[in-house]
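Coordinates as given in coords-v8.txt (compact mmCIF, C-alpha atoms):
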# COMPACT_ATOMS: atom_id res chain seq x y z
CA MET A 18 55.87 27.46 -65.47
CA GLN A 19 53.43 27.77 -68.34
CA THR A 20 52.89 24.01 -68.35
CA ILE A 21 52.16 23.99 -64.61
CA LEU A 22 49.68 26.86 -65.01
CA SER A 23 47.90 25.22 -67.93
CA TRP A 24 47.75 21.91 -66.03
CA GLY A 25 46.32 23.82 -63.05
CA ALA A 26 43.64 25.41 -65.22
CA LEU A 27 42.87 22.03 -66.80
CA PHE A 28 42.61 20.51 -63.32
CA VAL A 29 40.03 23.05 -62.17
CA VAL A 30 37.98 22.89 -65.38
CA GLY A 31 38.24 19.10 -65.54
CA SER A 32 37.24 18.62 -61.90
CA VAL A 33 34.26 21.00 -61.96
CA GLY A 34 33.10 19.65 -65.32
CA THR A 35 33.33 16.07 -64.10
CA LEU A 36 31.52 17.02 -60.89
CA VAL A 37 28.55 18.46 -62.82
CA LEU A 38 28.60 15.59 -65.31
CA GLY A 39 28.83 13.07 -62.48
CA LEU A 40 25.87 14.52 -60.59
CA LEU A 41 23.82 14.55 -63.81
CA THR A 42 24.87 10.93 -64.43
CA LYS A 43 23.72 10.10 -60.91
CA TRP A 44 20.35 11.57 -61.84
CA VAL A 45 20.28 9.47 -65.05
CA ASP A 46 20.96 6.45 -62.84
CA ARG A 47 18.12 7.26 -60.42
CA LYS A 48 15.68 8.21 -63.17
CA VAL A 49 16.34 5.07 -65.23
CA THR A 50 16.06 2.98 -62.06
CA ALA A 51 12.72 4.64 -61.30
CA ARG A 52 11.42 4.04 -64.83
CA VAL A 53 12.47 0.37 -64.65
CA GLN A 54 10.38 0.08 -61.49
CA TRP A 55 7.44 1.98 -63.06
CA ARG A 56 8.02 5.01 -60.85
CA VAL A 57 8.34 8.66 -61.86
CA GLY A 58 11.69 9.30 -60.21
CA PRO A 59 13.37 12.44 -58.91
CA PRO A 60 13.79 15.76 -60.79
CA TRP A 61 17.08 16.49 -62.56
CA TYR A 62 18.48 18.70 -59.77
CA GLN A 63 18.04 15.99 -57.12
CA PRO A 64 21.76 15.04 -56.72
CA PHE A 65 22.68 18.74 -56.51
CA ALA A 66 20.09 19.25 -53.73
CA ASP A 67 21.41 16.15 -51.92
CA VAL A 68 24.99 17.47 -51.94
CA LEU A 69 24.00 21.01 -50.86
CA LYS A 70 21.88 19.60 -48.05
CA LEU A 71 24.66 17.32 -46.79
CA LEU A 72 27.12 20.23 -46.84
CA GLY A 73 24.72 22.24 -44.65
CA LYS A 74 24.20 19.51 -42.06
CA GLU A 75 25.94 18.88 -38.79
CA THR A 76 29.16 16.83 -39.01
CA ILE A 77 29.40 14.20 -36.30
CA VAL A 78 32.74 12.51 -35.55
CA PRO A 79 32.24 9.38 -33.41
CA GLU A 80 34.12 9.13 -30.14
CA HIS A 81 36.05 6.04 -31.25
CA ALA A 82 36.86 7.32 -34.74
CA GLY A 83 40.52 7.17 -35.80
CA PRO A 84 42.66 10.00 -37.19
CA GLY A 85 41.97 9.10 -40.82
CA PHE A 86 38.21 9.42 -40.48
CA LEU A 87 38.00 12.93 -41.96
CA VAL A 88 41.07 12.63 -44.23
CA ALA A 89 39.73 9.63 -46.16
CA PRO A 90 36.82 11.38 -47.95
CA LEU A 91 39.03 14.33 -48.97
CA ALA A 92 41.86 12.12 -50.27
CA GLY A 93 39.42 9.98 -52.28
CA PHE A 94 37.83 13.10 -53.73
CA ALA A 95 41.22 14.59 -54.70
CA ALA A 96 42.35 11.37 -56.41
CA THR A 97 39.11 11.21 -58.40
CA CYS A 98 39.53 14.85 -59.54
CA LEU A 99 43.06 14.10 -60.72
CA ALA A 100 42.08 10.91 -62.57
CA ALA A 101 39.21 12.75 -64.27
CA THR A 102 41.56 15.55 -65.36
CA VAL A 103 44.07 13.14 -66.92
CA ILE A 104 41.30 11.36 -68.82
CA TRP A 105 39.74 14.57 -70.19
CA VAL A 106 43.15 16.00 -71.13
CA ALA A 107 43.84 12.86 -73.16
CA ASN A 108 40.62 13.52 -75.07
CA VAL A 109 40.77 17.32 -75.40
CA ARG A 110 44.51 17.79 -75.92
CA PRO A 111 46.08 14.42 -76.86
CA ASP A 112 49.42 16.22 -77.36
CA LEU A 113 49.53 17.10 -73.65
CA SER A 114 48.99 13.46 -72.72
CA PHE A 115 52.21 11.97 -71.29
CA VAL A 116 53.66 8.49 -71.65
CA GLY A 117 52.44 6.20 -68.89
CA ASP A 118 49.29 8.12 -67.99
CA VAL A 119 47.25 4.93 -68.38
CA ILE A 120 49.15 3.49 -65.42
CA VAL A 121 48.66 6.73 -63.45
CA VAL A 122 44.90 6.63 -64.07
CA ILE A 123 44.63 2.97 -63.03
CA TYR A 124 46.44 3.78 -59.78
CA LEU A 125 44.37 6.94 -59.14
CA LEU A 126 41.13 5.03 -59.74
CA ALA A 127 42.11 2.55 -57.02
CA ILE A 128 42.59 5.31 -54.42
CA PRO A 129 38.85 6.06 -53.78
CA SER A 130 38.32 2.37 -52.91
CA LEU A 131 41.35 2.45 -50.62
CA MET A 132 39.97 5.58 -48.94
CA ILE A 133 36.60 3.89 -48.44
CA ILE A 134 38.49 1.05 -46.73
CA LEU A 135 40.42 3.57 -44.59
CA GLY A 136 37.29 5.53 -43.67
CA GLY A 137 35.33 2.38 -42.86
CA SER A 138 37.99 0.91 -40.63
CA MET A 139 38.60 4.28 -38.92
CA SER A 140 34.93 4.83 -38.10
CA GLY A 141 35.06 2.62 -35.02
CA ASN A 142 31.87 0.83 -36.03
CA PRO A 143 31.62 -2.95 -36.56
CA HIS A 144 29.46 -2.44 -39.65
CA GLY A 145 32.12 -0.11 -41.04
CA ALA A 146 34.84 -2.68 -40.35
CA VAL A 147 32.89 -5.47 -42.08
CA GLY A 148 32.21 -3.17 -45.03
CA ALA A 149 35.89 -2.21 -45.25
CA SER A 150 37.00 -5.84 -45.24
CA ARG A 151 34.49 -6.66 -47.98
CA GLU A 152 35.63 -3.66 -50.03
CA MET A 153 39.22 -4.89 -49.67
CA LYS A 154 38.33 -8.36 -50.97
CA LEU A 155 36.39 -6.81 -53.84
CA LEU A 156 39.35 -4.56 -54.71
CA LEU A 157 41.63 -7.62 -54.84
CA ALA A 158 39.07 -9.35 -57.04
CA TYR A 159 38.41 -6.75 -59.73
CA GLU A 160 41.78 -5.01 -60.17
CA LEU A 161 43.48 -7.95 -61.90
CA PRO A 162 40.94 -8.48 -64.73
CA PHE A 163 40.68 -4.69 -65.13
CA VAL A 164 44.44 -4.39 -65.66
CA PHE A 165 44.43 -7.31 -68.12
CA ALA A 166 41.57 -5.72 -70.09
CA VAL A 167 43.49 -2.45 -70.38
CA LEU A 168 46.65 -4.39 -71.21
CA ALA A 169 44.89 -5.90 -74.23
CA VAL A 170 44.45 -2.38 -75.61
CA ILE A 171 47.96 -1.24 -74.65
CA LEU A 172 49.49 -4.21 -76.50
CA GLY A 173 47.33 -3.17 -79.44
CA ALA A 174 46.47 -5.80 -82.01
CA THR A 175 46.74 -3.42 -84.96
CA GLY A 176 49.32 -0.80 -84.18
CA GLU A 177 52.48 -0.08 -82.20
CA ARG A 178 52.39 -0.50 -78.43
CA THR A 179 51.77 2.65 -76.42
CA LEU A 180 51.23 3.66 -72.81
CA SER A 181 49.78 7.08 -73.64
CA LEU A 182 46.04 7.58 -73.17
CA GLY A 183 45.99 10.29 -75.86
CA ALA A 184 47.56 7.96 -78.42
CA ILE A 185 45.13 5.19 -77.48
CA ALA A 186 42.13 7.51 -77.81
CA ARG A 187 43.25 8.85 -81.21
CA SER A 188 44.36 5.54 -82.71
CA PRO A 189 41.83 4.74 -85.47
CA MET A 190 41.97 0.98 -85.12
CA ARG A 191 42.94 0.45 -81.54
CA GLY A 192 40.21 1.78 -79.33
CA SER A 193 37.19 1.41 -81.59
CA LEU A 194 35.94 -2.05 -80.71
CA ALA A 195 37.59 -3.07 -83.99
CA THR A 196 39.44 -6.10 -82.66
CA LEU A 197 38.24 -9.13 -80.77
CA ALA A 198 40.70 -8.38 -77.94
CA CYS A 199 39.21 -4.92 -77.59
CA VAL A 200 35.63 -6.23 -77.47
CA VAL A 201 36.53 -8.77 -74.77
CA GLY A 202 38.38 -6.09 -72.82
CA PHE A 203 35.39 -3.75 -73.09
CA LEU A 204 32.99 -6.37 -71.70
CA ILE A 205 35.37 -7.23 -68.84
CA SER A 206 35.83 -3.58 -67.96
CA ILE A 207 32.04 -3.01 -67.80
CA PHE A 208 31.85 -5.65 -65.04
CA CYS A 209 34.87 -4.12 -63.31
CA ILE A 210 33.48 -0.58 -63.26
CA GLN A 211 30.23 -1.99 -61.88
CA ALA A 212 32.26 -3.32 -58.95
CA LYS A 213 34.37 -0.15 -58.68
CA LEU A 214 31.19 1.94 -58.46
CA GLY A 215 29.80 -0.37 -55.78
CA LEU A 216 26.53 -0.97 -57.62
CA VAL A 217 24.32 -4.06 -57.45
CA PRO A 218 25.27 -6.95 -58.03
CA PHE A 219 28.64 -5.95 -56.53
CA ASP A 220 27.43 -3.57 -53.79
CA ILE A 221 28.61 -6.16 -51.25
CA ALA A 222 30.65 -3.60 -49.33
CA GLU A 223 27.72 -1.21 -48.81
CA ALA A 224 24.82 -3.67 -48.62
CA GLU A 225 22.20 -1.38 -47.04
CA THR A 226 20.02 -4.30 -46.04
CA GLU A 227 22.69 -6.21 -44.09
CA ILE A 228 25.47 -3.88 -42.92
CA MET A 229 23.72 -0.48 -43.04
CA GLY A 230 25.85 1.19 -45.69
CA GLY A 231 29.09 -0.47 -44.56
CA PRO A 232 32.04 1.97 -44.56
CA PHE A 233 29.70 5.00 -44.71
CA VAL A 234 27.70 4.04 -41.64
CA GLU A 235 29.20 6.67 -39.32
CA TYR A 236 29.59 9.47 -41.87
CA SER A 237 27.29 12.49 -41.75
CA GLY A 238 27.19 16.01 -43.15
CA ALA A 239 30.15 17.33 -45.15
CA PRO A 240 32.34 14.15 -45.13
CA LEU A 241 29.36 12.16 -46.38
CA ALA A 242 28.89 14.82 -49.07
CA MET A 243 32.52 14.31 -50.12
CA PHE A 244 31.95 10.56 -50.46
CA TYR A 245 28.71 11.26 -52.37
CA LEU A 246 30.63 13.57 -54.73
CA THR A 247 33.44 11.02 -55.12
CA LYS A 248 30.94 8.33 -56.06
CA ALA A 249 29.17 10.68 -58.47
CA MET A 250 32.45 11.73 -60.10
CA LEU A 251 33.53 8.09 -60.42
CA PHE A 252 30.20 7.49 -62.15
CA ALA A 253 31.37 9.99 -64.80
CA THR A 254 35.08 9.13 -64.76
CA LEU A 255 34.91 5.35 -65.10
CA PRO A 256 32.55 5.23 -68.12
CA ALA A 257 34.61 8.04 -69.69
CA PHE A 258 37.77 5.95 -69.13
CA VAL A 259 36.14 2.90 -70.70
CA VAL A 260 34.97 4.94 -73.70
CA THR A 261 38.43 6.51 -74.05
CA VAL A 262 40.36 3.26 -73.88
CA PHE A 263 38.10 0.75 -75.61
CA TRP A 264 35.69 2.70 -77.79
CA GLY A 265 37.50 5.46 -79.64
CA GLY A 266 37.20 8.21 -77.06
CA PHE A 267 35.58 11.64 -77.38
CA GLY A 268 36.15 14.06 -80.25
CA PRO A 269 37.75 15.43 -82.33
CA GLY A 270 35.29 18.07 -83.48
CA THR A 271 31.71 18.73 -82.37
CA GLY A 272 30.40 15.59 -84.08
CA GLY A 273 33.08 13.49 -82.39
CA TRP A 274 32.15 14.88 -78.98
CA ILE A 275 28.42 14.27 -79.52
CA LEU A 276 29.23 10.72 -80.62
CA GLY A 277 31.54 10.36 -77.61
CA PHE A 278 28.80 11.38 -75.20
CA LEU A 279 26.35 9.01 -76.87
CA LYS A 280 28.85 6.17 -76.30
CA TYR A 281 29.24 7.39 -72.71
CA LEU A 282 25.46 7.28 -72.20
CA VAL A 283 25.31 3.75 -73.65
CA VAL A 284 27.92 2.58 -71.11
CA VAL A 285 26.11 4.35 -68.24
CA VAL A 286 22.71 2.92 -69.14
CA ALA A 287 24.24 -0.56 -69.54
CA VAL A 288 25.66 -0.27 -66.01
CA VAL A 289 22.33 1.02 -64.63
CA LEU A 290 20.30 -1.72 -66.30
CA MET A 291 22.70 -4.37 -64.99
CA ARG A 292 22.26 -2.87 -61.53
CA ASN A 293 18.47 -3.04 -61.78
CA THR A 294 18.12 -6.56 -63.08
CA ASN A 295 20.44 -8.43 -60.72
CA PRO A 296 20.41 -9.41 -57.07
CA ARG A 297 23.46 -8.85 -54.87
CA VAL A 298 26.01 -11.69 -55.08
CA ARG A 299 27.89 -13.07 -52.10
CA ILE A 300 31.51 -11.92 -51.63
CA ASP A 301 32.98 -15.37 -52.38
CA HIS A 302 30.84 -15.65 -55.52
CA ALA A 303 32.08 -12.23 -56.66
CA LEU A 304 35.68 -13.27 -56.01
CA LYS A 305 35.22 -16.52 -57.98
CA PHE A 306 33.56 -14.62 -60.82
CA PHE A 307 36.39 -12.10 -61.14
CA TRP A 308 39.33 -14.44 -60.55
CA PHE A 309 38.25 -17.59 -62.34
CA GLY A 310 35.85 -16.08 -64.88
CA LEU A 311 37.08 -12.68 -65.95
CA THR A 312 40.83 -12.96 -65.29
CA PRO A 313 41.30 -15.89 -67.74
CA ALA A 314 39.17 -13.95 -70.25
CA GLY A 315 41.47 -10.95 -69.74
CA VAL A 316 44.56 -13.14 -70.25
CA ILE A 317 43.05 -14.48 -73.48
CA ALA A 318 42.31 -10.92 -74.64
CA ALA A 319 45.89 -9.85 -73.91
CA ALA A 320 47.22 -12.96 -75.69
CA LEU A 321 45.04 -12.20 -78.74
CA ALA A 322 46.39 -8.65 -78.76
CA MET A 323 49.97 -9.98 -78.49
CA ALA A 324 49.39 -12.33 -81.40
CA GLY A 325 48.02 -9.46 -83.45
CA THR A 326 44.67 -11.07 -84.23
CA PRO A 327 42.25 -8.50 -85.66
CA MET B 149 14.64 31.18 -48.73
CA GLY B 150 18.30 30.27 -48.32
CA LEU B 151 20.04 27.70 -50.48
CA ARG B 152 20.60 25.50 -47.44
CA LEU B 153 16.92 25.42 -46.53
CA TRP B 154 15.93 24.84 -50.14
CA ALA B 155 18.29 21.85 -50.35
CA LEU B 156 16.98 20.47 -47.04
CA LYS B 157 13.39 20.69 -48.27
CA LYS B 158 14.21 19.10 -51.61
CA SER B 159 16.13 16.17 -50.21
CA PRO B 160 14.76 14.81 -46.93
CA TRP B 161 16.36 11.42 -46.29
CA VAL B 162 14.31 9.35 -43.88
CA TYR B 163 15.24 6.72 -41.33
CA HIS B 164 12.57 4.34 -40.11
CA VAL B 165 12.43 3.63 -36.36
CA ASN B 166 10.05 1.06 -34.94
CA VAL B 167 9.63 1.48 -31.18
CA GLY B 168 6.89 -1.07 -30.60
CA ALA B 169 4.50 -0.82 -33.54
CA CYS B 170 2.29 -3.69 -34.70
CA ASN B 171 3.85 -3.47 -38.21
CA ASN B 172 0.81 -1.86 -39.86
CA CYS B 173 2.34 1.63 -39.83
CA ASP B 174 5.63 0.18 -41.07
CA ILE B 175 3.85 -1.38 -44.04
CA GLU B 176 2.23 1.97 -44.82
CA VAL B 177 5.60 3.76 -44.56
CA VAL B 178 7.16 1.32 -47.01
CA ASN B 179 4.05 1.70 -49.15
CA CYS B 180 5.06 5.34 -49.78
CA LEU B 181 8.14 4.12 -51.65
CA THR B 182 6.16 1.92 -54.06
CA PRO B 183 5.37 2.96 -57.65
CA ALA B 184 1.86 4.06 -56.65
CA PHE B 185 3.10 6.87 -54.39
CA ASP B 186 6.84 7.14 -55.19
CA VAL B 187 8.11 9.68 -52.66
CA GLU B 188 11.48 9.72 -54.48
CA ARG B 189 9.74 12.33 -56.68
CA PHE B 190 10.27 14.70 -53.74
CA GLY B 191 13.80 13.45 -53.08
CA MET B 192 12.84 11.27 -50.12
CA VAL B 193 14.84 8.08 -49.85
CA LEU B 194 15.06 5.51 -47.09
CA VAL B 195 18.58 5.52 -45.62
CA PRO B 196 20.16 2.67 -43.65
CA THR B 197 21.62 4.66 -40.76
CA PRO B 198 20.46 7.64 -38.61
CA ARG B 199 23.75 9.41 -39.42
CA HIS B 200 22.49 10.00 -42.98
CA ALA B 201 18.94 10.92 -41.96
CA ASP B 202 17.09 14.24 -42.01
CA ALA B 203 13.81 12.81 -40.73
CA LEU B 204 13.04 10.01 -38.29
CA LEU B 205 9.84 8.13 -39.06
CA VAL B 206 8.90 6.77 -35.64
CA THR B 207 6.16 4.16 -35.40
CA GLY B 208 4.82 2.52 -32.24
CA PHE B 209 3.87 3.54 -28.70
CA CYS B 210 7.49 3.52 -27.39
CA SER B 211 7.96 0.70 -24.90
CA ARG B 212 10.25 0.98 -21.88
CA GLN B 213 12.82 -1.19 -23.69
CA ALA B 214 12.74 1.05 -26.76
CA LYS B 215 12.88 4.42 -24.98
CA PRO B 216 16.68 4.68 -24.43
CA ARG B 217 17.28 3.40 -27.95
CA LEU B 218 14.97 6.00 -29.48
CA GLN B 219 16.69 8.76 -27.51
CA GLU B 220 20.10 7.45 -28.62
CA ILE B 221 18.99 7.39 -32.25
CA TYR B 222 17.74 10.97 -31.95
CA ARG B 223 21.12 12.04 -30.54
CA GLN B 224 22.91 10.20 -33.38
CA THR B 225 20.94 12.04 -36.05
CA PRO B 226 22.75 15.13 -37.39
CA LYS B 227 20.72 18.31 -36.87
CA PRO B 228 18.59 19.87 -38.28
CA CYS B 229 16.21 16.92 -38.31
CA VAL B 230 12.47 16.36 -38.12
CA VAL B 231 10.75 13.64 -36.09
CA PHE B 232 7.57 12.15 -37.56
CA CYS B 233 5.18 10.36 -35.21
CA ILE B 234 3.47 7.94 -37.58
CA GLY B 235 0.19 6.44 -36.40
CA ALA B 236 -2.11 6.72 -33.40
CA CYS B 237 0.30 4.88 -31.05
CA ALA B 238 3.23 7.19 -31.78
CA CYS B 239 1.03 10.30 -31.49
CA SER B 240 -0.87 9.43 -28.31
CA MET B 241 0.06 5.85 -27.31
CA GLY B 242 -3.37 4.72 -28.59
CA ILE B 243 -4.74 1.66 -26.77
CA PHE B 244 -1.46 1.25 -24.83
CA ALA B 245 -1.97 4.53 -22.95
CA ASP B 246 -2.12 3.05 -19.43
CA SER B 247 0.02 -0.06 -19.99
CA TYR B 248 2.76 -0.97 -17.50
CA HIS B 249 5.32 -1.45 -20.28
CA ALA B 250 4.73 1.88 -22.06
CA ALA B 251 7.16 4.78 -21.72
CA GLY B 252 5.76 6.97 -24.52
CA PRO B 253 4.31 8.86 -26.21
CA VAL B 254 7.09 9.48 -28.70
CA ASP B 255 7.02 13.29 -28.54
CA SER B 256 7.61 13.45 -24.78
CA VAL B 257 10.41 10.88 -25.06
CA ILE B 258 12.13 13.00 -27.73
CA ARG B 259 11.52 16.25 -25.79
CA GLU B 260 13.38 14.76 -22.81
CA VAL B 261 16.50 14.85 -25.01
CA ASP B 262 15.84 18.01 -26.98
CA PRO B 263 13.04 20.39 -25.85
CA ASP B 264 13.19 22.24 -29.19
CA ALA B 265 12.81 19.17 -31.42
CA ILE B 266 10.69 19.61 -34.54
CA ILE B 267 7.93 17.01 -34.28
CA ALA B 268 5.18 16.28 -36.83
CA TYR B 269 2.16 14.09 -36.12
CA VAL B 270 0.42 11.81 -38.61
CA PRO B 271 -2.56 10.17 -36.84
CA GLY B 272 -4.42 7.11 -38.08
CA CYS B 273 -4.46 3.39 -37.41
CA PRO B 274 -2.62 2.95 -39.68
CA PRO B 275 -2.40 6.29 -41.53
CA ARG B 276 -2.87 6.04 -45.28
CA PRO B 277 0.19 6.74 -47.45
CA GLN B 278 -1.54 9.90 -48.68
CA ALA B 279 -1.77 11.08 -45.06
CA ILE B 280 1.94 10.39 -44.49
CA ILE B 281 2.86 12.35 -47.64
CA ALA B 282 0.53 15.21 -46.60
CA GLY B 283 2.17 15.25 -43.16
CA ALA B 284 5.62 15.38 -44.74
CA VAL B 285 4.57 18.28 -46.99
CA LYS B 286 3.14 20.22 -44.02
CA ALA B 287 6.27 19.60 -41.92
CA LEU B 288 8.54 20.78 -44.73
CA GLN B 289 6.42 23.86 -45.33
CA SER B 290 6.65 24.82 -41.67
CA LEU B 291 10.48 24.81 -41.71
Write out the structure in this file as structure tokens.
Amino acid sequence: MQTILSWGALFVVGSVGTLVLGLLTKWVDRKVTARVQWRVGPPWYQPFADVLKLLGKETIVPEHAGPGFLVAPLAGFAATCLAATVIWVANVRPDLSFVGDVIVVIYLLAIPSLMIILGGSMSGNPHGAVGASREMKLLLAYELPFVFAVLAVILGATGERTLSLGAIARSPMRGSLATLACVVGFLISIFCIQAKLGLVPFDIAEAETEIMGGPFVEYSGAPLAMFYLTKAMLFATLPAFVVTVFWGGFGPGTGGWILGFLKYLVVVVAVVLMRNTNPRVRIDHALKFFWFGLTPAGVIAAALAMAGTP
Amino acid sequence: MGLRLWALKKSPWVYHVNVGACNNCDIEVVNCLTPAFDVERFGMVLVPTPRHADALLVTGFCSRQAKPRLQEIYRQTPKPCVVFCIGACACSMGIFADSYHAAGPVDSVIREVDPDAIIAYVPGCPPRPQAIIAGAVKALQSL
């Protein structure tokens, strides 16, 4: 009973904290983008105002929308909250972290993409359908190298094998970019989170200029706000996951947390700069890049970890 | 001022509708997004679909072909929303006033759908980006 209650409290704190952090990260993204383009950019509360405004607007459900149209944003949001909680628990209380939570997080992080596919195909709009099909291809493309990159850390070049996120985060040698396998995995995962976040060069599914926002084309008001929040929370969760798995994690102690957030900011800014200096790639190019470029690199990283090369 | 109204004023997402403009007004609208004017300072971003929009930036005199489309786009926009008539043509049909192919002006076309629509006018041929930003500020203040 006590465990359930403490997990419940952790879930609420973790979700709200990630929500605030995600919206602030969204602002960092927009501000850095603006500075890259020699603009001033929006004030810090801009993402908060966006969400509040969307929650206050009319919600329109298209006539031809399917039954999953309104469920998809909520399910994606819930999965993101849960994934964020597991990741923060692994950093705050590594003893509460359970065996196999890496696998749980990888599955939970795939759900928002699946819900975008569901919402897009349920919207009854051809642009939504095209966006959903592109998102599906992209999901097939980036999941494999992402899993291989994480596998390189799980196999652990310099320690015993573990499937617990807490153990990975606290292992002195494993997740600190100390081994070649870890460095390769880190670089692969940066590309994968870029695609998971749907940012340029992998914003093929949304592609404002060709398919009008893709899966989100028919969403308005509160459901759109849920998708906005999901994207913002993923913007906090995915870099936090990468920092936790590949780069030593957050904490312990105040100094450790400050260092952790600095690492987090480095990952976020790297993602934002990549987004601002690249054009959108075509879906087949993205597929080739992930399957024939990054997947072999991931296999090599996992093999290096297996062989125990430092 | 309620939280909802504050959020609406701080984050107006705009959708650009061309109903028969000569492209000058469109260039000036896009000009507002450039580093020189940067309307993202006020939270304004160009969105790809009317479903996400809070403001419709309508340019052009509204031809007979465009009229049903404009009305459909207005119906698709979640309320509350503001309609901006950008340029002399959208405000008063300009030199197309007595043309056989004109169905405008924009405000009467919108009022056919919704008599209580909030409509702001930015005259000029084309209006300068400063004028468009001033019009947006006045429209937001009047909410």
> Near chain B, which residues of chain A fall within 7 Å when you count only C-alpha atoms, and what do they look like as a PyMOL selection string?
Replying inline: chain A and resi 54-60+63+66-67+69-70+73-77+225+229-230+234-237
Can those selected residues be exported to a file as a short mmCIF file (atom, residue, chain, number, x, y, z; two decimals), in the coordinates of the input so that it contains C-alpha atoms?
data_model
loop_
_atom_site.label_atom_id
_atom_site.label_comp_id
_atom_site.auth_asym_id
_atom_site.auth_seq_id
_atom_site.Cartn_x
_atom_site.Cartn_y
_atom_site.Cartn_z
CA GLN A 54 10.38 0.08 -61.49
CA TRP A 55 7.44 1.98 -63.06
CA ARG A 56 8.02 5.01 -60.85
CA VAL A 57 8.34 8.66 -61.86
CA GLY A 58 11.69 9.30 -60.21
CA PRO A 59 13.37 12.44 -58.91
CA PRO A 60 13.79 15.76 -60.79
CA GLN A 63 18.04 15.99 -57.12
CA ALA A 66 20.09 19.25 -53.73
CA ASP A 67 21.41 16.15 -51.92
CA LEU A 69 24.00 21.01 -50.86
CA LYS A 70 21.88 19.60 -48.05
CA GLY A 73 24.72 22.24 -44.65
CA LYS A 74 24.20 19.51 -42.06
CA GLU A 75 25.94 18.88 -38.79
CA THR A 76 29.16 16.83 -39.01
CA ILE A 77 29.40 14.20 -36.30
CA GLU A 225 22.20 -1.38 -47.04
CA MET A 229 23.72 -0.48 -43.04
CA GLY A 230 25.85 1.19 -45.69
CA VAL A 234 27.70 4.04 -41.64
CA GLU A 235 29.20 6.67 -39.32
CA TYR A 236 29.59 9.47 -41.87
CA SER A 237 27.29 12.49 -41.75
#
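Checking A:Pro79, A:Asp118, A:Asn293, A:Ser138 one by one against Lys48 of chain A, counting all atoms listed in the file, you find the shortest gap at A:Asn293.
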>> Which residues are near Arg299 of chain A? Cut-off 12 Å, only C-alpha atoms, ignore same chain within fewer than 5 positions. Put them as an MDAnalysis selection string.
In response: chainID A and resid 151 154:155 217:222 224 227 304:306
Written file, previous selection with C-alpha atoms, as a PDB file, in the coordinates of the input:
ATOM      1  CA  ARG A 151      34.490  -6.660 -47.980  1.00  0.00           C
ATOM      2  CA  LYS A 154      38.330  -8.360 -50.970  1.00  0.00           C
ATOM      3  CA  LEU A 155      36.390  -6.810 -53.840  1.00  0.00           C
ATOM      4  CA  VAL A 217      24.320  -4.060 -57.450  1.00  0.00           C
ATOM      5  CA  PRO A 218      25.270  -6.950 -58.030  1.00  0.00           C
ATOM      6  CA  PHE A 219      28.640  -5.950 -56.530  1.00  0.00           C
ATOM      7  CA  ASP A 220      27.430  -3.570 -53.790  1.00  0.00           C
ATOM      8  CA  ILE A 221      28.610  -6.160 -51.250  1.00  0.00           C
ATOM      9  CA  ALA A 222      30.650  -3.600 -49.330  1.00  0.00           C
ATOM     10  CA  ALA A 224      24.820  -3.670 -48.620  1.00  0.00           C
ATOM     11  CA  GLU A 227      22.690  -6.210 -44.090  1.00  0.00           C
ATOM     12  CA  LEU A 304      35.680 -13.270 -56.010  1.00  0.00           C
ATOM     13  CA  LYS A 305      35.220 -16.520 -57.980  1.00  0.00           C
ATOM     14  CA  PHE A 306      33.560 -14.620 -60.820  1.00  0.00           C
TER      15      PHE A 306
END
>> Rounded to one decimal, what separation in Å do you get between atom CA of Val177 of chain B and atom CA of Val254 of chain B?
In response: 16.9 Å
> How many Å separate atom CA of Ala127 of chain A from atom CA of Gly39 of chain A?
Replying inline: 17.8 Å
>> (40.1, -11.1, -71.8) in this file's frame - what residues fall within 7 Å of it? Use only C-alpha atoms and give the answer as a list in words.
In response: Phe165, Ala166, Ala198, Val201, Gly202, Ile205, Leu311, Thr312, Pro313, Ala314, Gly315, Val316, Ile317, Ala318 and Ala319 of chain A
Emit the selected residues as a PDB file, keeping the file's coordinate frame, including C-alpha atoms.
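Dumped to again.pdb:
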ATOM      1  CA  PHE A 165      44.430  -7.310 -68.120  1.00  0.00           C
ATOM      2  CA  ALA A 166      41.570  -5.720 -70.090  1.00  0.00           C
ATOM      3  CA  ALA A 198      40.700  -8.380 -77.940  1.00  0.00           C
ATOM      4  CA  VAL A 201      36.530  -8.770 -74.770  1.00  0.00           C
ATOM      5  CA  GLY A 202      38.380  -6.090 -72.820  1.00  0.00           C
ATOM      6  CA  ILE A 205      35.370  -7.230 -68.840  1.00  0.00           C
ATOM      7  CA  LEU A 311      37.080 -12.680 -65.950  1.00  0.00           C
ATOM      8  CA  THR A 312      40.830 -12.960 -65.290  1.00  0.00           C
ATOM      9  CA  PRO A 313      41.300 -15.890 -67.740  1.00  0.00           C
ATOM     10  CA  ALA A 314      39.170 -13.950 -70.250  1.00  0.00           C
ATOM     11  CA  GLY A 315      41.470 -10.950 -69.740  1.00  0.00           C
ATOM     12  CA  VAL A 316      44.560 -13.140 -70.250  1.00  0.00           C
ATOM     13  CA  ILE A 317      43.050 -14.480 -73.480  1.00  0.00           C
ATOM     14  CA  ALA A 318      42.310 -10.920 -74.640  1.00  0.00           C
ATOM     15  CA  ALA A 319      45.890  -9.850 -73.910  1.00  0.00           C
TER      16      ALA A 319
END
> Excluding same-chain residues fewer than 2 positions from Ile281 of chain B, what lies within 12 Å of it counting only C-alpha atoms, as a PyMOL selection string?
Replying inline: chain B and resi 176-181+185-190+192+205+232+234+268-270+275-279+283-288
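Between atom CA of Met139 of chain A and atom CA of Gly231 of chain A the interatomic distance comes to 12.0 Å.
The nearest approach to Arg259 of chain B among the residues B:Gln213, B:Gln219, B:Gln289, B:Ser240, with all atoms listed in the file taken into account, belongs to B:Gln219.
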